[in-house]
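For reference, the structure discussed in these notes is given below.
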Amino acid sequence: KETGKSFKSNAKLNVKFFSKYVDYGVISDDSGLCINALNNRPGIFSARLAKKQGSFLKAMKFILKKLNKKKDRKATFVCSLSYRSEKGKITTVQGNLKGTISIKIKGNKGFGYDPIFIPKGKSLTFGQMSKNKKIKIDHRYLAYKMLLKKVKI
């Protein structure tokens with residue numbers, strides 16, 4: 001269970017849990033969408049909001065309704081990665097990708113909240129981008145690059 005109060009604490013909980021079952025290094029993550037105008041929600045509750053709403057599509061519609069008439073549509077996709085080495089050392093990093101929430105759902109590629117997130121400096125949502133284009137700029141990629149600088153995997 002992800003009972004932490006931050007992405008980093010949940011990533012650490014996950015890596016500790018899964019590393020009990022193997023004798024090699026383990027990488028685990030926690031990620032989500034933080035929206036300024038919603039007090040950085042859904043945040044660590046991103047997947048749980050989708051479950052509560054019945055699907056990511058319904059959760060996106062819920063978010064868009066909440067943001068209706070809001071001027072501040074800034075958002076951040078966050079990914080915290082934890083790596084536990086075979087010796088038990090845990091290293092945690094966090095990749096943040098700034099962007100905005102679109103006015104409507106655009107595209108059907110990717111997953112989760114991709115069809116409403118427009119990365120800073122781009123004109124398309126993740127849902128409109130090819131997988132190859134998205135994975136080279138997303139929050140998970142940023143976190144992974146940071147992790148590689150800190151540890152040898």
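Residues are referred to by chain and number: the chain letter is A, B, ... according to the order shown in the structure tokens, the number counts from 1 in that chain, and ligands are numbered separately from 1 in the order shown.
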Legend entry - Shell of 9 Å around segment 120-124 of chain A, only C-alpha atoms, local chain residues under 4 positions omitted, as an NGL selection string: :A and (97-100 or 106-107 or 115 or 128-129)
Take the residues from that selection and put them in a file with N, CA and C atoms, as a PDB file, in the first residue's frame.
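Contents of part_21.pdb, freshly written:
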ATOM      1  N   LEU A  97       8.101  17.454 -14.684  1.00  0.00           N
ATOM      2  CA  LEU A  97       7.901  18.026 -16.009  1.00  0.00           C
ATOM      3  C   LEU A  97       6.761  19.034 -15.934  1.00  0.00           C
ATOM      4  N   LYS A  98       7.093  20.295 -16.153  1.00  0.00           N
ATOM      5  CA  LYS A  98       6.101  21.369 -16.106  1.00  0.00           C
ATOM      6  C   LYS A  98       5.287  21.379 -17.387  1.00  0.00           C
ATOM      7  N   GLY A  99       4.064  21.865 -17.278  1.00  0.00           N
ATOM      8  CA  GLY A  99       3.198  21.980 -18.436  1.00  0.00           C
ATOM      9  C   GLY A  99       1.898  22.659 -18.061  1.00  0.00           C
ATOM     10  N   THR A 100       0.903  22.462 -18.887  1.00  0.00           N
ATOM     11  CA  THR A 100      -0.435  23.013 -18.636  1.00  0.00           C
ATOM     12  C   THR A 100      -1.485  21.955 -18.929  1.00  0.00           C
ATOM     13  N   LYS A 106      -7.508  15.676 -25.618  1.00  0.00           N
ATOM     14  CA  LYS A 106      -6.980  15.666 -26.985  1.00  0.00           C
ATOM     15  C   LYS A 106      -6.049  14.474 -27.166  1.00  0.00           C
ATOM     16  N   GLY A 107      -6.384  13.612 -28.108  1.00  0.00           N
ATOM     17  CA  GLY A 107      -5.546  12.464 -28.429  1.00  0.00           C
ATOM     18  C   GLY A 107      -5.951  11.222 -27.664  1.00  0.00           C
ATOM     19  N   PRO A 115      -3.848  12.652 -22.244  1.00  0.00           N
ATOM     20  CA  PRO A 115      -4.626  13.464 -23.187  1.00  0.00           C
ATOM     21  C   PRO A 115      -5.012  14.870 -22.702  1.00  0.00           C
ATOM     22  N   GLN A 128      -1.533  13.163 -27.810  1.00  0.00           N
ATOM     23  CA  GLN A 128      -1.417  13.385 -29.249  1.00  0.00           C
ATOM     24  C   GLN A 128      -0.039  13.016 -29.787  1.00  0.00           C
ATOM     25  N   MET A 129       0.925  12.843 -28.899  1.00  0.00           N
ATOM     26  CA  MET A 129       2.308  12.568 -29.315  1.00  0.00           C
ATOM     27  C   MET A 129       2.539  11.081 -29.541  1.00  0.00           C
TER      28      MET A 129
END
Legend entry - Spatial neighbours of Thr91 of chain A, 9 Å, only C-alpha atoms, chain gap at least 2 places, as a ChimeraX atom specification: /A:12,81-85,89,93,147,150-151
Limited to N, CA and C atoms, could you put the picked residues into a file as a PDB file, in the first residue's frame?
ATOM      1  N   LYS A  12       9.877   4.894  -2.129  1.00  0.00           N
ATOM      2  CA  LYS A  12      10.715   4.147  -1.178  1.00  0.00           C
ATOM      3  C   LYS A  12       9.954   2.966  -0.588  1.00  0.00           C
ATOM      4  N   LEU A  81      11.620   8.021  -8.462  1.00  0.00           N
ATOM      5  CA  LEU A  81      12.183   6.682  -8.645  1.00  0.00           C
ATOM      6  C   LEU A  81      13.070   6.361  -7.458  1.00  0.00           C
ATOM      7  N   SER A  82      12.913   5.161  -6.937  1.00  0.00           N
ATOM      8  CA  SER A  82      13.806   4.665  -5.892  1.00  0.00           C
ATOM      9  C   SER A  82      14.511   3.430  -6.418  1.00  0.00           C
ATOM     10  N   TYR A  83      15.803   3.367  -6.128  1.00  0.00           N
ATOM     11  CA  TYR A  83      16.609   2.208  -6.497  1.00  0.00           C
ATOM     12  C   TYR A  83      17.223   1.652  -5.215  1.00  0.00           C
ATOM     13  N   ARG A  84      17.042   0.349  -5.013  1.00  0.00           N
ATOM     14  CA  ARG A  84      17.663  -0.338  -3.876  1.00  0.00           C
ATOM     15  C   ARG A  84      18.676  -1.306  -4.447  1.00  0.00           C
ATOM     16  N   SER A  85      19.931  -1.086  -4.082  1.00  0.00           N
ATOM     17  CA  SER A  85      21.004  -1.941  -4.583  1.00  0.00           C
ATOM     18  C   SER A  85      20.957  -3.301  -3.889  1.00  0.00           C
ATOM     19  N   LYS A  89      21.373  -0.308  -0.228  1.00  0.00           N
ATOM     20  CA  LYS A  89      21.387   1.155  -0.265  1.00  0.00           C
ATOM     21  C   LYS A  89      20.254   1.649  -1.163  1.00  0.00           C
ATOM     22  N   VAL A  93      15.260   9.698  -6.505  1.00  0.00           N
ATOM     23  CA  VAL A  93      15.312  10.940  -7.284  1.00  0.00           C
ATOM     24  C   VAL A  93      13.896  11.294  -7.722  1.00  0.00           C
ATOM     25  N   LEU A 147      18.609   9.323 -11.997  1.00  0.00           N
ATOM     26  CA  LEU A 147      19.016   8.144 -11.257  1.00  0.00           C
ATOM     27  C   LEU A 147      20.308   7.562 -11.817  1.00  0.00           C
ATOM     28  N   LYS A 150      23.371   9.055 -10.497  1.00  0.00           N
ATOM     29  CA  LYS A 150      23.685   8.812  -9.090  1.00  0.00           C
ATOM     30  C   LYS A 150      24.146   7.392  -8.786  1.00  0.00           C
ATOM     31  N   VAL A 151      23.687   6.435  -9.577  1.00  0.00           N
ATOM     32  CA  VAL A 151      24.019   5.031  -9.286  1.00  0.00           C
ATOM     33  C   VAL A 151      24.408   4.303 -10.568  1.00  0.00           C
TER      34      VAL A 151
END
Inset, instruction - Would you mind listing what lies within 10 Å of Lys134 of chain A as a list in words, with only C-alpha atoms counted and same-chain residues fewer than 4 positions away left out? - result: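 My reading of the contact set: Lys109, Gly110, Asp114, Pro119, Thr125, Phe126, Gly127, Gln128, Met129, Ser130, Asp138, His139 and Tyr141 of chain A.
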Inset, instruction - as number ranges by chain, list the residues of chain A assigned to strand (DSSP E) by DSSP on the backbone atoms of this structure. - result: A: 26-35, 41-42, 74-84, 90-101, 117-119
Atoms kept (C-alpha atoms) for selection, written as a PDB file, in the first residue's frame:
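What landed in again-v7.pdb:
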ATOM      1  CA  VAL A  26      15.185  -3.085  -7.709  1.00  0.00           C
ATOM      2  CA  ILE A  27      13.740   0.113  -9.173  1.00  0.00           C
ATOM      3  CA  SER A  28      10.289   1.330  -8.177  1.00  0.00           C
ATOM      4  CA  ASP A  29       8.350   4.509  -8.769  1.00  0.00           C
ATOM      5  CA  ASP A  30       5.442   6.650  -7.773  1.00  0.00           C
ATOM      6  CA  SER A  31       4.116   9.212 -10.164  1.00  0.00           C
ATOM      7  CA  GLY A  32       1.191  11.504 -10.740  1.00  0.00           C
ATOM      8  CA  LEU A  33      -0.185  14.809 -11.892  1.00  0.00           C
ATOM      9  CA  CYS A  34      -0.089  17.958  -9.738  1.00  0.00           C
ATOM     10  CA  ILE A  35      -2.331  20.836 -10.817  1.00  0.00           C
ATOM     11  CA  ARG A  41      -4.113  17.571  -6.599  1.00  0.00           C
ATOM     12  CA  PRO A  42      -4.615  14.850  -7.609  1.00  0.00           C
ATOM     13  CA  LYS A  74      -0.276  25.080 -14.853  1.00  0.00           C
ATOM     14  CA  ALA A  75       0.526  21.513 -13.894  1.00  0.00           C
ATOM     15  CA  THR A  76       3.473  19.231 -13.234  1.00  0.00           C
ATOM     16  CA  PHE A  77       3.856  15.557 -14.003  1.00  0.00           C
ATOM     17  CA  VAL A  78       6.007  14.038 -11.247  1.00  0.00           C
ATOM     18  CA  CYS A  79       7.914  10.755 -11.099  1.00  0.00           C
ATOM     19  CA  SER A  80       9.903   9.652  -8.075  1.00  0.00           C
ATOM     20  CA  LEU A  81      12.183   6.682  -8.645  1.00  0.00           C
ATOM     21  CA  SER A  82      13.806   4.665  -5.892  1.00  0.00           C
ATOM     22  CA  TYR A  83      16.609   2.208  -6.497  1.00  0.00           C
ATOM     23  CA  ARG A  84      17.663  -0.338  -3.876  1.00  0.00           C
ATOM     24  CA  ILE A  90      18.346   3.174  -1.395  1.00  0.00           C
ATOM     25  CA  THR A  91      18.697   6.127  -3.752  1.00  0.00           C
ATOM     26  CA  THR A  92      15.660   8.234  -4.627  1.00  0.00           C
ATOM     27  CA  VAL A  93      15.312  10.940  -7.284  1.00  0.00           C
ATOM     28  CA  GLN A  94      12.408  12.946  -8.636  1.00  0.00           C
ATOM     29  CA  GLY A  95      11.713  14.103 -12.184  1.00  0.00           C
ATOM     30  CA  ASN A  96       9.315  17.007 -12.653  1.00  0.00           C
ATOM     31  CA  LEU A  97       7.901  18.026 -16.009  1.00  0.00           C
ATOM     32  CA  LYS A  98       6.101  21.369 -16.106  1.00  0.00           C
ATOM     33  CA  GLY A  99       3.198  21.980 -18.436  1.00  0.00           C
ATOM     34  CA  THR A 100      -0.435  23.013 -18.636  1.00  0.00           C
ATOM     35  CA  ILE A 101      -3.797  21.315 -18.659  1.00  0.00           C
ATOM     36  CA  PHE A 117      -1.279  17.386 -20.284  1.00  0.00           C
ATOM     37  CA  ILE A 118       0.653  19.718 -22.586  1.00  0.00           C
ATOM     38  CA  PRO A 119       4.384  19.799 -21.739  1.00  0.00           C
TER      39      PRO A 119
END
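Residues lying within 7 Å of segment 48-62 of chain A, counting only C-alpha atoms and ignoring same-chain neighbours fewer than 4 positions away, are Pro42, Lys66, Gly112 and Tyr113 of chain A.
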Legend entry - Between atom CA of Asn68 of chain A and atom CA of Arg140 of chain A - distance in Å to one decimal: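 Atom CA of Arg140 of chain A sits 28.4 Å away from atom CA of Asn68 of chain A.
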Legend entry - Selected residue, from A:Ile63, A:Ala47, A:Ile153, A:Ala11, that lies nearest to Glu86 of chain A when counting only C-alpha atoms: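 Answer, going by the shortest atom-to-atom distance: A:Ile153.
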Inset, instruction - Enumerate the residues of segment 21-128 of chain A with a DSSP assignment of alpha helix (DSSP H), computed from the backbone, and present them as an MDAnalysis selection string. - result: chainID A and resid 46:53 56:67
Since we have the selection now, will you write its residues out, keeping N, CA, C and O atoms, as a short mmCIF file (atom, residue, chain, number, x, y, z; two decimals), in the first residue's frame?
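Contents of the output file selection_0.cif:
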data_model
loop_
_atom_site.label_atom_id
_atom_site.label_comp_id
_atom_site.auth_asym_id
_atom_site.auth_seq_id
_atom_site.Cartn_x
_atom_site.Cartn_y
_atom_site.Cartn_z
N SER A 46 -3.38 10.44 -7.83
CA SER A 46 -3.76 10.45 -9.25
C SER A 46 -4.44 9.16 -9.69
O SER A 46 -5.52 9.19 -10.30
N ALA A 47 -3.85 8.02 -9.41
CA ALA A 47 -4.46 6.74 -9.80
C ALA A 47 -5.73 6.47 -9.00
O ALA A 47 -6.72 5.96 -9.54
N ARG A 48 -5.70 6.86 -7.74
CA ARG A 48 -6.88 6.63 -6.89
C ARG A 48 -8.07 7.48 -7.34
O ARG A 48 -9.21 7.05 -7.24
N LEU A 49 -7.79 8.70 -7.85
CA LEU A 49 -8.88 9.54 -8.37
C LEU A 49 -9.52 8.84 -9.57
O LEU A 49 -10.75 8.81 -9.67
N ALA A 50 -8.71 8.30 -10.45
CA ALA A 50 -9.25 7.59 -11.62
C ALA A 50 -10.10 6.41 -11.18
O ALA A 50 -11.18 6.16 -11.74
N LYS A 51 -9.62 5.68 -10.18
CA LYS A 51 -10.39 4.54 -9.68
C LYS A 51 -11.72 5.01 -9.07
O LYS A 51 -12.77 4.43 -9.34
N LYS A 52 -11.64 6.07 -8.29
CA LYS A 52 -12.85 6.61 -7.65
C LYS A 52 -13.86 7.11 -8.68
O LYS A 52 -15.06 6.90 -8.54
N GLN A 53 -13.36 7.74 -9.75
CA GLN A 53 -14.23 8.27 -10.80
C GLN A 53 -14.72 7.17 -11.75
O GLN A 53 -15.68 7.38 -12.48
N PHE A 56 -9.82 6.68 -16.08
CA PHE A 56 -9.03 7.89 -16.31
C PHE A 56 -9.81 8.88 -17.16
O PHE A 56 -9.70 10.08 -16.97
N LEU A 57 -10.61 8.39 -18.09
CA LEU A 57 -11.42 9.29 -18.91
C LEU A 57 -12.36 10.11 -18.03
O LEU A 57 -12.45 11.34 -18.16
N LYS A 58 -13.04 9.46 -17.11
CA LYS A 58 -13.96 10.16 -16.22
C LYS A 58 -13.19 11.09 -15.28
O LYS A 58 -13.66 12.18 -14.95
N ALA A 59 -12.00 10.68 -14.86
CA ALA A 59 -11.18 11.53 -13.99
C ALA A 59 -10.73 12.78 -14.75
O ALA A 59 -10.72 13.89 -14.18
N MET A 60 -10.37 12.64 -16.02
CA MET A 60 -9.98 13.80 -16.82
C MET A 60 -11.16 14.76 -16.98
O MET A 60 -10.99 15.98 -16.87
N LYS A 61 -12.33 14.22 -17.23
CA LYS A 61 -13.52 15.06 -17.34
C LYS A 61 -13.80 15.79 -16.02
O LYS A 61 -14.16 16.96 -16.01
N PHE A 62 -13.62 15.10 -14.92
CA PHE A 62 -13.78 15.67 -13.59
C PHE A 62 -12.81 16.84 -13.40
O PHE A 62 -13.20 17.93 -12.94
N ILE A 63 -11.55 16.63 -13.76
CA ILE A 63 -10.54 17.67 -13.63
C ILE A 63 -10.86 18.87 -14.52
O ILE A 63 -10.80 20.02 -14.07
N LEU A 64 -11.22 18.60 -15.76
CA LEU A 64 -11.55 19.70 -16.68
C LEU A 64 -12.73 20.52 -16.17
O LEU A 64 -12.74 21.75 -16.29
N LYS A 65 -13.70 19.86 -15.57
CA LYS A 65 -14.85 20.57 -15.00
C LYS A 65 -14.39 21.45 -13.82
O LYS A 65 -14.83 22.59 -13.69
N LYS A 66 -13.51 20.91 -12.98
CA LYS A 66 -12.98 21.67 -11.84
C LYS A 66 -12.19 22.89 -12.31
O LYS A 66 -12.16 23.92 -11.63
N LEU A 67 -11.52 22.77 -13.45
CA LEU A 67 -10.69 23.86 -13.97
C LEU A 67 -11.46 24.83 -14.84
O LEU A 67 -10.90 25.84 -15.27
#
